[in-house]
Amino acid sequence: MKVGSAPTLTSKSSTLADDVFEQLRASIVKGELTPGSKINEPHLSKQHGISRGPLREAIRRLEGCKLVEIKPNVGANIVSLDIPQVIEIYEIRESLEGLASRLAALNASTEDCEKLRSLLTEHERHIHSQNGHRYYQREGDLDFHFQIVQLSRNSRLFDILCGELYHLMRMYRVQTANEPSRPVQAFKEHHQIVDAIEQGDGELAELLMNRHISTARKALLARLDGKPQTKFCENADAGASAHQ
């Protein structure tokens, strides 16, 4: 396409699909779109001002992120894991993020540790702005856990933890981030992990990350206690928004 020429219909559709994909992904991760709820295409198409084509492209990409399940003759639903599936995810996290922390302690430079401290300073401001009741981390480089996996310098480990399972894991991390007292405690645990990485103590960094994720798992399961174990949430219109 020449400079200054009008964008093609295809490029416009792709941009629309990208925008809606990112908006829907954020809404699912934050819990604004209820786990288990059916995706209402007419509602979302009208809400976002797009045709069904770009919307369906966005939904297919959400399926690739494991955030949506598409079934023939049924349609698309926001993913809703049962408790054994959540435990499996946290077992993966505990083991592999512990390994990532140990490797980060071996590979991280002084500059890397300063970057982690700077990130945690930003997180602390956010926690204070929420009166200590919420610790929501944005994705990618703004996510403490993402940064730790990056510092492991292990590309296969990164693909597993920060690839297709990343946003699904974030979806359940957000739930524990809203537990009373958990945000402040989680923040302290993050600093302890950075202390160990800064000291080059891989064994301690791994142990602290294992404990950190184990505590988060217990908090999540306690939160879910008493709810139906087949699905976490009752089905609801995907257009509805549950603001936290």
# chains A, B, ... in the order shown; residues from 1 in each chain; ligands from 1

call {"tool": "closest_atom_pairs", "arguments": {"of": "stretch 32-103 of chain A", "to": "stretch 189-201 of chain A", "cutoff": "9 Å", "atoms": "only C-alpha atoms", "output": "Markdown table"}}
result
| residue | atom | partner | partner_atom | distance |
| --- | --- | --- | --- | --- |
| A:Ser101 | CA | A:Ile197 | CA | 7.3 |
| A:Arg102 | CA | A:Asp201 | CA | 7.5 |
| A:Leu103 | CA | A:Ile197 | CA | 8.9 |

call {"tool": "closest_atom_pairs", "arguments": {"of": "stretch 100-172 of chain A", "to": "stretch 83-88 of chain A", "cutoff": "12 Å", "atoms": "only C-alpha atoms", "output": "JSON lines"}}
result
{"residue": "A:Leu165", "atom": "CA", "partner": "A:Val86", "partner_atom": "CA", "distance": 12.0}
{"residue": "A:Leu168", "atom": "CA", "partner": "A:Val86", "partner_atom": "CA", "distance": 10.0}
{"residue": "A:Met169", "atom": "CA", "partner": "A:Val86", "partner_atom": "CA", "distance": 8.9}
{"residue": "A:Arg170", "atom": "CA", "partner": "A:Val86", "partner_atom": "CA", "distance": 11.8}
{"residue": "A:Met171", "atom": "CA", "partner": "A:Val86", "partner_atom": "CA", "distance": 10.8}
{"residue": "A:Tyr172", "atom": "CA", "partner": "A:Val86", "partner_atom": "CA", "distance": 8.2}

call {"tool": "closest_residue", "arguments": {"among": "A:Phe144, A:Glu63, A:Leu157, A:Ser45", "to": "A:Leu96", "atoms": "only C-alpha atoms"}}
result
A:Leu157

call {"tool": "select_by_dssp", "arguments": {"residues": "stretch 88-238 of chain A", "states": "helix (DSSP H, G or I)", "output": "JSON, numbers by chain"}}
result
{"A": [88, 89, 90, 91, 92, 93, 94, 95, 96, 97, 98, 99, 100, 101, 102, 103, 104, 105, 106, 107, 110, 111, 112, 113, 114, 115, 116, 117, 118, 119, 120, 121, 122, 123, 124, 125, 126, 127, 128, 129, 140, 141, 142, 144, 145, 146, 147, 148, 149, 150, 151, 155, 156, 157, 158, 159, 160, 161, 162, 166, 167, 168, 169, 170, 171, 172, 173, 174, 175, 176, 177, 182, 183, 184, 185, 186, 187, 188, 189, 190, 191, 192, 193, 194, 195, 196, 197, 198, 202, 203, 204, 205, 206, 207, 208, 209, 210, 211, 212, 213, 214, 215, 216, 217, 218, 219, 220, 221, 222, 223, 224]}

call {"tool": "residues_around", "arguments": {"residues": "A:Val29", "least_positions_apart": "3", "cutoff": "10 Å", "atoms": "only C-alpha atoms", "output": "list in words"}}
result
Leu24, Arg25, Ala26, Glu32, Leu33, Thr34, Pro35, Leu67, His167, Leu168, Met169, Arg170, Met171, Tyr172, Arg173, Val174 and Gln175 of chain A
